[in-house]
file coords30.cif (mmCIF, C-alpha atoms)
data_final
loop_
_atom_site.label_atom_id
_atom_site.label_comp_id
_atom_site.auth_asym_id
_atom_site.auth_seq_id
_atom_site.Cartn_x
_atom_site.Cartn_y
_atom_site.Cartn_z
CA MET A 1 35.55 27.15 28.78
CA PHE A 2 33.97 24.73 26.28
CA ARG A 3 31.36 23.69 28.81
CA SER A 4 30.22 27.27 29.38
CA VAL A 5 30.19 28.03 25.66
CA ALA A 6 28.28 24.84 24.81
CA ARG A 7 25.71 25.42 27.51
CA SER A 8 25.31 29.01 26.43
CA ALA A 9 24.94 28.19 22.75
CA ALA A 10 22.75 25.12 23.07
CA GLY A 11 20.92 26.00 26.23
CA LYS A 12 20.35 29.76 26.25
CA HIS A 13 17.17 29.51 24.18
CA LEU A 14 15.88 26.59 26.24
CA LEU A 15 16.68 28.25 29.55
CA ARG A 16 14.83 31.36 28.45
CA ARG A 17 11.82 29.17 27.75
CA GLY A 18 11.02 28.43 31.37
CA TYR A 19 13.28 25.86 33.00
CA ALA A 20 12.92 25.80 36.76
CA THR A 21 15.91 25.41 39.01
CA GLU A 22 14.14 23.15 41.49
CA SER A 23 14.01 19.38 41.01
CA VAL A 24 12.02 18.11 38.06
CA PRO A 25 10.34 14.73 37.46
CA ASP A 26 12.30 11.83 36.03
CA ARG A 27 11.66 11.62 32.30
CA LYS A 28 12.87 9.04 29.79
CA VAL A 29 13.36 10.15 26.19
CA ALA A 30 14.20 7.84 23.29
CA VAL A 31 15.76 8.90 19.99
CA LEU A 32 15.06 6.36 17.24
CA GLY A 33 17.65 6.80 14.52
CA ALA A 34 20.23 8.16 16.94
CA ALA A 35 23.29 7.25 14.87
CA GLY A 36 22.19 9.26 11.83
CA GLY A 37 22.88 12.79 10.66
CA ILE A 38 20.01 14.27 12.66
CA GLY A 39 20.10 11.68 15.43
CA GLN A 40 23.64 12.35 16.65
CA PRO A 41 23.38 16.11 17.23
CA LEU A 42 19.85 15.60 18.54
CA ALA A 43 21.18 13.06 21.05
CA LEU A 44 23.74 15.61 22.22
CA LEU A 45 21.12 18.35 22.57
CA MET A 46 18.81 16.07 24.55
CA LYS A 47 21.75 15.15 26.80
CA LEU A 48 22.14 18.87 27.50
CA ASN A 49 18.46 19.19 28.46
CA PRO A 50 18.10 19.13 32.27
CA LEU A 51 14.54 17.83 32.00
CA VAL A 52 15.82 14.47 30.68
CA SER A 53 16.84 11.91 33.30
CA ARG A 54 17.22 8.86 31.02
CA LEU A 55 18.20 9.04 27.35
CA ALA A 56 17.76 5.94 25.20
CA LEU A 57 19.56 6.01 21.85
CA TYR A 58 18.44 3.45 19.26
CA ASP A 59 19.48 2.64 15.70
CA ILE A 60 20.11 -0.37 13.50
CA SER A 61 23.90 0.09 13.83
CA ASN A 62 26.63 2.20 15.46
CA THR A 63 24.52 3.25 18.45
CA PRO A 64 26.84 1.94 21.19
CA GLY A 65 29.57 4.31 20.05
CA VAL A 66 27.23 7.31 19.86
CA ALA A 67 25.87 6.47 23.32
CA ALA A 68 29.35 6.11 24.80
CA ASP A 69 30.40 9.44 23.31
CA VAL A 70 27.32 11.34 24.48
CA SER A 71 27.38 9.68 27.91
CA HIS A 72 30.65 11.46 28.77
CA VAL A 73 28.88 14.85 28.75
CA ASN A 74 28.54 15.86 32.39
CA THR A 75 24.81 16.50 32.60
CA ARG A 76 21.97 14.90 34.52
CA SER A 77 20.74 12.17 32.19
CA GLU A 78 21.92 8.59 32.06
CA VAL A 79 22.53 7.39 28.50
CA ALA A 80 22.08 3.91 27.08
CA GLY A 81 22.60 2.75 23.51
CA TYR A 82 20.52 0.07 21.82
CA VAL A 83 21.13 -1.55 18.45
CA GLY A 84 18.92 -3.77 16.31
CA GLU A 85 15.31 -4.84 16.57
CA ASP A 86 15.93 -7.24 19.44
CA GLN A 87 16.89 -4.27 21.66
CA LEU A 88 14.04 -1.97 20.61
CA LYS A 89 11.86 -3.10 23.51
CA GLN A 90 14.51 -2.06 26.05
CA ALA A 91 14.94 1.29 24.34
CA LEU A 92 11.22 2.08 24.43
CA GLU A 93 9.98 0.71 27.74
CA GLY A 94 9.13 3.49 30.19
CA CYS A 95 9.51 6.33 27.67
CA ASP A 96 7.71 9.64 28.18
CA VAL A 97 8.78 11.06 24.80
CA VAL A 98 9.91 9.22 21.67
CA ILE A 99 11.62 11.23 18.93
CA ILE A 100 11.84 9.62 15.47
CA PRO A 101 14.45 11.04 13.06
CA ALA A 102 15.03 7.56 11.57
CA GLY A 103 15.22 7.17 7.81
CA VAL A 104 17.26 8.16 4.79
CA PRO A 105 18.17 11.80 4.09
CA ARG A 106 17.17 13.82 1.07
CA LYS A 107 19.71 14.16 -1.76
CA PRO A 108 19.97 16.77 -4.54
CA GLY A 109 17.08 16.56 -6.96
CA MET A 110 14.95 14.58 -4.53
CA ILE A 111 11.68 15.90 -3.20
CA ARG A 112 10.47 14.70 0.17
CA ASP A 113 8.07 12.34 -1.56
CA ASP A 114 11.00 10.44 -3.06
CA LEU A 115 11.82 9.29 0.45
CA PHE A 116 8.36 7.91 0.95
CA ASN A 117 8.67 4.17 0.37
CA ILE A 118 11.84 3.75 2.43
CA ASN A 119 10.96 6.01 5.34
CA ALA A 120 7.30 4.98 5.43
CA GLY A 121 8.30 1.37 6.02
CA ILE A 122 10.76 2.35 8.75
CA VAL A 123 8.17 4.51 10.51
CA LYS A 124 5.51 1.83 10.29
CA GLY A 125 7.77 -0.70 12.03
CA LEU A 126 8.91 1.69 14.74
CA CYS A 127 5.37 2.81 15.51
CA ALA A 128 4.23 -0.79 15.87
CA ALA A 129 6.93 -1.18 18.53
CA ILE A 130 5.90 2.05 20.26
CA ALA A 131 2.29 0.83 20.40
CA LYS A 132 3.52 -2.35 22.07
CA TYR A 133 6.16 -1.08 24.48
CA CYS A 134 5.31 2.55 25.37
CA PRO A 135 1.77 3.30 24.14
CA ASN A 136 1.38 6.35 26.37
CA ALA A 137 4.50 8.17 25.19
CA LEU A 138 4.38 11.44 23.27
CA VAL A 139 5.63 10.68 19.75
CA ASN A 140 7.59 13.38 17.90
CA MET A 141 7.78 12.50 14.20
CA ILE A 142 10.74 13.98 12.31
CA SER A 143 11.08 11.32 9.59
CA ASN A 144 10.08 12.73 6.21
CA PRO A 145 7.72 13.12 4.52
CA VAL A 146 6.03 14.27 7.75
CA ASN A 147 2.81 15.02 5.85
CA SER A 148 2.54 11.25 5.27
CA THR A 149 4.46 9.67 8.16
CA VAL A 150 2.21 11.20 10.82
CA PRO A 151 -0.93 9.69 9.22
CA ILE A 152 0.96 6.38 8.94
CA ALA A 153 1.72 6.48 12.66
CA ALA A 154 -1.90 7.30 13.46
CA GLU A 155 -3.16 4.31 11.46
CA VAL A 156 -0.63 1.96 13.10
CA PHE A 157 -1.70 3.13 16.54
CA LYS A 158 -5.39 2.80 15.62
CA LYS A 159 -4.86 -0.81 14.54
CA ALA A 160 -3.10 -1.50 17.83
CA GLY A 161 -5.87 0.17 19.82
CA THR A 162 -3.48 2.72 21.33
CA TYR A 163 -4.11 5.85 19.25
CA ASP A 164 -4.41 9.09 21.20
CA GLU A 165 -4.50 12.12 18.91
CA LYS A 166 -3.18 14.26 21.76
CA LYS A 167 0.11 12.35 21.80
CA LEU A 168 1.17 12.30 18.14
CA PHE A 169 3.08 15.24 16.69
CA GLY A 170 4.68 16.01 13.37
CA VAL A 171 7.72 18.15 14.12
CA THR A 172 7.44 21.22 11.88
CA THR A 173 9.53 23.39 14.20
CA LEU A 174 12.31 23.79 11.64
CA ASP A 175 9.91 25.72 9.39
CA ALA A 176 9.27 28.15 12.24
CA VAL A 177 12.99 28.35 13.08
CA ARG A 178 13.77 29.26 9.47
CA ALA A 179 10.90 31.75 9.24
CA LYS A 180 12.09 33.51 12.39
CA THR A 181 15.69 33.64 11.19
CA PHE A 182 14.85 34.91 7.70
CA TYR A 183 12.29 37.44 8.98
CA ALA A 184 14.68 38.80 11.61
CA GLY A 185 17.33 39.37 8.95
CA LYS A 186 14.97 41.23 6.66
CA ALA A 187 13.25 43.20 9.45
CA LYS A 188 16.58 43.95 11.19
CA ALA A 189 15.07 42.63 14.43
CA ASN A 190 16.68 40.72 17.29
CA VAL A 191 16.05 37.10 16.26
CA ALA A 192 15.64 36.08 19.89
CA ASP A 193 12.56 38.31 20.10
CA VAL A 194 10.97 37.20 16.82
CA ASN A 195 7.98 34.89 16.58
CA VAL A 196 6.39 33.66 13.33
CA PRO A 197 3.59 31.06 13.27
CA VAL A 198 3.95 28.52 10.47
CA VAL A 199 0.90 26.46 9.49
CA GLY A 200 -0.12 23.84 6.94
CA GLY A 201 2.30 20.96 6.41
CA HIS A 202 6.01 20.28 6.20
CA ALA A 203 6.95 20.21 2.51
CA GLY A 204 7.17 22.83 -0.23
CA ILE A 205 4.02 24.90 -0.72
CA THR A 206 2.28 23.15 2.19
CA ILE A 207 4.55 25.22 4.47
CA LEU A 208 2.75 28.51 5.10
CA PRO A 209 4.51 31.07 7.33
CA LEU A 210 2.10 33.70 8.63
CA PHE A 211 4.32 36.76 8.41
CA SER A 212 1.27 39.00 8.87
CA GLN A 213 1.21 37.72 12.46
CA ALA A 214 4.96 37.99 13.01
CA THR A 215 6.23 39.87 16.03
CA PRO A 216 7.73 42.37 16.32
CA LYS A 217 5.72 43.97 13.54
CA ALA A 218 7.91 45.22 10.69
CA ASN A 219 5.42 46.23 7.94
CA LEU A 220 7.55 44.67 5.20
CA PRO A 221 6.45 45.19 1.58
CA GLU A 222 4.54 42.34 -0.07
CA GLU A 223 7.46 41.51 -2.36
CA ASP A 224 9.61 40.84 0.72
CA ILE A 225 6.87 38.72 2.30
CA LYS A 226 6.61 36.64 -0.87
CA ALA A 227 10.38 36.18 -1.00
CA LEU A 228 10.52 35.20 2.69
CA THR A 229 7.68 32.74 2.20
CA LYS A 230 9.43 31.12 -0.76
CA ARG A 231 12.72 30.89 1.10
CA THR A 232 11.03 29.30 4.11
CA GLN A 233 9.33 26.76 1.85
CA ASP A 234 12.60 26.00 0.05
CA GLY A 235 14.85 26.05 3.13
CA GLY A 236 15.53 22.32 2.99
CA THR A 237 16.46 22.46 -0.67
CA GLU A 238 18.80 25.37 0.04
CA VAL A 239 20.75 23.20 2.49
CA VAL A 240 20.72 20.09 0.28
CA GLU A 241 22.15 22.05 -2.64
CA ALA A 242 24.73 23.82 -0.46
CA LYS A 243 25.96 20.45 0.82
CA ALA A 244 26.32 19.29 -2.80
CA GLY A 245 24.99 15.79 -2.34
CA LYS A 246 26.74 15.16 0.96
CA GLY A 247 23.81 15.71 3.28
CA SER A 248 20.59 17.50 4.11
CA ALA A 249 19.43 19.73 6.96
CA THR A 250 20.75 17.80 9.94
CA LEU A 251 22.08 20.35 12.43
CA SER A 252 19.22 22.83 12.17
CA MET A 253 16.72 19.95 12.22
CA ALA A 254 18.32 18.53 15.35
CA TYR A 255 18.08 21.97 16.98
CA ALA A 256 14.42 22.27 15.99
CA GLY A 257 13.69 18.74 17.20
CA ALA A 258 15.31 19.52 20.53
CA ILE A 259 13.20 22.66 20.92
CA PHE A 260 9.98 20.76 20.29
CA ALA A 261 10.93 17.85 22.57
CA ASP A 262 11.75 20.38 25.28
CA ALA A 263 8.29 21.92 24.84
CA CYS A 264 6.70 18.49 25.20
CA LEU A 265 8.66 17.80 28.38
CA LYS A 266 7.75 21.16 29.87
CA GLY A 267 4.10 20.49 29.06
CA LEU A 268 4.26 17.07 30.73
CA ASN A 269 5.81 18.72 33.79
CA GLY A 270 2.95 21.22 34.06
CA VAL A 271 4.71 24.37 32.86
CA PRO A 272 1.89 26.72 31.74
CA ASP A 273 1.43 28.38 28.34
CA VAL A 274 3.77 26.16 26.30
CA VAL A 275 2.86 26.82 22.67
CA GLU A 276 4.57 25.51 19.52
CA CYS A 277 3.46 24.88 15.95
CA SER A 278 3.03 21.20 15.11
CA PHE A 279 1.38 18.91 12.54
CA VAL A 280 -1.41 17.19 14.47
CA GLN A 281 -4.90 15.78 14.11
CA SER A 282 -6.95 18.90 13.61
CA THR A 283 -10.34 20.44 12.84
CA VAL A 284 -8.83 23.84 12.01
CA THR A 285 -9.46 23.07 8.33
CA GLU A 286 -11.35 20.29 6.56
CA LEU A 287 -8.11 18.26 6.44
CA PRO A 288 -7.68 15.57 9.14
CA PHE A 289 -4.11 16.69 9.95
CA PHE A 290 -2.80 20.23 9.85
CA ALA A 291 0.03 22.24 11.41
CA SER A 292 -0.91 25.19 13.57
CA LYS A 293 -0.13 26.55 17.01
CA VAL A 294 -0.67 23.90 19.68
CA ARG A 295 -0.82 24.38 23.44
CA LEU A 296 1.05 21.56 25.19
CA GLY A 297 0.26 20.15 28.61
CA LYS A 298 0.31 17.08 30.84
CA ASN A 299 -1.63 14.99 28.31
CA GLY A 300 0.18 16.24 25.21
CA VAL A 301 -2.09 18.44 23.10
CA GLU A 302 -4.20 20.63 25.36
CA GLU A 303 -5.51 22.89 22.61
CA VAL A 304 -5.19 23.10 18.83
CA MET A 305 -5.33 26.81 18.15
CA GLY A 306 -7.01 28.51 15.20
CA LEU A 307 -5.31 30.30 12.34
CA GLY A 308 -6.14 33.85 13.37
CA PRO A 309 -6.52 36.63 10.78
CA LEU A 310 -4.79 35.93 7.46
CA SER A 311 -3.67 38.36 4.79
CA ASP A 312 -5.08 37.91 1.28
CA TYR A 313 -1.73 36.43 0.21
CA GLU A 314 -1.80 33.93 3.10
CA GLN A 315 -5.43 33.02 2.44
CA ALA A 316 -4.55 32.25 -1.18
CA GLY A 317 -1.58 30.20 0.01
CA LEU A 318 -3.82 28.26 2.37
CA GLU A 319 -6.21 27.31 -0.42
CA SER A 320 -3.30 26.39 -2.72
CA LEU A 321 -1.68 24.04 -0.23
CA LYS A 322 -4.79 22.04 0.65
CA PRO A 323 -4.91 19.69 -2.38
CA GLU A 324 -1.23 18.74 -2.05
CA LEU A 325 -1.47 18.23 1.70
CA LYS A 326 -4.65 16.20 1.31
CA ALA A 327 -2.95 13.91 -1.21
CA SER A 328 0.06 13.38 1.08
CA ILE A 329 -2.16 12.53 4.05
CA GLU A 330 -4.19 10.07 1.97
CA LYS A 331 -1.00 8.49 0.66
CA GLY A 332 0.18 7.83 4.20
CA ILE A 333 -3.15 6.35 5.25
CA LYS A 334 -3.19 4.09 2.19
CA PHE A 335 0.36 2.87 2.86
CA ALA A 336 -0.41 2.11 6.49
CA ASN A 337 -3.44 0.04 5.57
CA GLN A 338 -1.65 -2.12 2.98
CA ASN A 339 -1.05 -5.74 3.95
#

call {"tool": "encode", "arguments": {"input": "coords30.cif", "output": "structure tokens"}}
result
Amino acid sequence: MFRSVARSAAGKHLLRRGYATESVPDRKVAVLGAAGGIGQPLALLMKLNPLVSRLALYDISNTPGVAADVSHVNTRSEVAGYVGEDQLKQALEGCDVVIIPAGVPRKPGMIRDDLFNINAGIVKGLCAAIAKYCPNALVNMISNPVNSTVPIAAEVFKKAGTYDEKKLFGVTTLDAVRAKTFYAGKAKANVADVNVPVVGGHAGITILPLFSQATPKANLPEEDIKALTKRTQDGGTEVVEAKAGKGSATLSMAYAGAIFADACLKGLNGVPDVVECSFVQSTVTELPFFASKVRLGKNGVEEVMGLGPLSDYEQAGLESLKPELKASIEKGIKFANQN
């Protein structure tokens, strides 16, 4: 009973997104920060993904227990737990996709930038190891602030001579997940049928949901669009405050991370027309990194897609977010080039 419910709840969306029943290639996925609040449910969701054949779980402590627990789930992938820097090489070697939720969570009153110094250092070290041990892997960055940690990763890879802009992604999927959920509730639409592109960055006003392009079309009044936009931008704060200092968005972030990793795996396996929003190196705007719809394929990014037609409200939002996003990107680049 539990097995069928779990597979239905965790896998229905993924199955609808194009899994084949025939054999699929062997793929190794690593989760760095697997013992944390995001890492544990993300590890479970990746264990449920039939495209994963080997699952490497890494953290600085407690990973053996998480790995043992997850390994008892009767799905295809073999699970191994790794703990401490001396085992990072084993965790990363042979990886096709590396997911990084490592770092400290946000607490009440904190903005994502408050996390910068701690998480930036963690990301810098992990990316140096990725460059050394699995330079061809697709890297899915969850660690906040994504607007800065993705540029940090890029600079680390450039210094190592391994940077490939097609293989580095900032995971902004949670913004799209929230936008779809909130829009469906207001539009009284079936959430499974809703799609909302979310562009820009992954913090506060840099998050710009394009409700004018949402499907199915609902013709909501502008006051509703503004309220939905604000709620999408403040979704993380909503969870932090609701948890009253005892956590941040871990479960929904793990779900969103699993969706994006699944899209990467499907792209690697040659499934056509895999499109998700992601924060990547971009020429869509004058900024060097920007989140927009991205077509995924065997090499990672196959196409960074344009913004499409924007409403006046969205165009104003786009111009408003640029200075803040630019500053966050520059902050990451500066941090990466220190020392």

call {"tool": "resolve_selection", "arguments": {"input": "coords30.cif", "expression": "the PyMOL selection byres ((chain A and resi 92) around 10)", "output": "NGL selection string"}}
result
:A and (28-32 or 56-58 or 82 or 87-91 or 93-98 or 126 or 129-135 or 137)

call {"tool": "resolve_selection", "arguments": {"input": "coords30.cif", "expression": "the PyMOL selection byres ((chain A and resi 209-217) around 10)", "output": "PyMOL selection string"}}
result
chain A and resi 175-176+178-180+183-184+187+189-191+193-200+206-208+218-220+225-226+228-230+232-233+307-315+317

call {"tool": "closest_atom_pairs", "arguments": {"input": "coords30.cif", "of": "stretch 105-164 of chain A", "to": "stretch 285-291 of chain A", "cutoff": "12 Å", "atoms": "only C-alpha atoms", "output": "Markdown table"}}
result
| residue | atom | partner | partner_atom | distance |
| --- | --- | --- | --- | --- |
| A:Val146 | CA | A:Ala291 | CA | 10.6 |
| A:Asn147 | CA | A:Phe289 | CA | 8.2 |
| A:Ser148 | CA | A:Phe289 | CA | 9.8 |
| A:Thr149 | CA | A:Phe289 | CA | 11.2 |
| A:Val150 | CA | A:Phe289 | CA | 8.4 |
| A:Pro151 | CA | A:Phe289 | CA | 7.7 |
| A:Ile152 | CA | A:Phe289 | CA | 11.5 |
| A:Ala154 | CA | A:Phe289 | CA | 10.3 |

call {"tool": "resolve_selection", "arguments": {"input": "coords30.cif", "expression": "the PyMOL selection byres ((chain A and resi 101-104) around 7)", "output": "list in words"}}
result
Leu32, Gly33, Ile38, Gly39, Ile99, Ile100, Pro105, Arg106, Asn119, Ile122, Met141, Ile142 and Ser143 of chain A

call {"tool": "closest_residue", "arguments": {"input": "coords30.cif", "among": "A:Phe182, A:Glu330, A:Gly236, A:Ala254", "to": "A:Asp224", "atoms": "only C-alpha atoms"}}
result
A:Phe182

call {"tool": "residues_around", "arguments": {"input": "coords30.cif", "residues": "A:Ala256", "least_positions_apart": "5", "cutoff": "12 Å", "atoms": "only C-alpha atoms", "output": "JSON, numbers by chain"}}
result
{"A": [10, 13, 14, 38, 41, 42, 45, 46, 99, 101, 140, 141, 142, 170, 171, 172, 173, 174, 175, 176, 177, 178, 249, 250, 251, 261, 262, 263, 276, 277, 278]}

call {"tool": "residues_around", "arguments": {"input": "coords30.cif", "residues": "A:Glu78", "least_positions_apart": "4", "cutoff": "8 Å", "atoms": "only C-alpha atoms", "output": "NGL selection string"}}
result
:A and (53-55 or 71)

call {"tool": "axis_aligned_box", "arguments": {"input": "coords30.cif", "around": "stretch 129-140 of chain A", "padding_each_side": "6 Å", "output": "AutoDock Vina command-line options"}}
result
--center_x 4.5 --center_y 5.5 --center_z 22.1 --size_x 18.2 --size_y 27.7 --size_z 20.5

call {"tool": "atom_distance", "arguments": {"input": "coords30.cif", "atom1": "atom CA of A:Gly36", "atom2": "atom CA of A:Ser248"}}
result
11.4 Å

call {"tool": "atom_distance", "arguments": {"input": "coords30.cif", "atom1": "atom CA of A:Gly161", "atom2": "atom CA of A:Ala128"}}
result
10.9 Å

call {"tool": "atom_distance", "arguments": {"input": "coords30.cif", "atom1": "atom CA of A:Ala34", "atom2": "atom CA of A:Asp86"}}
result
16.2 Å
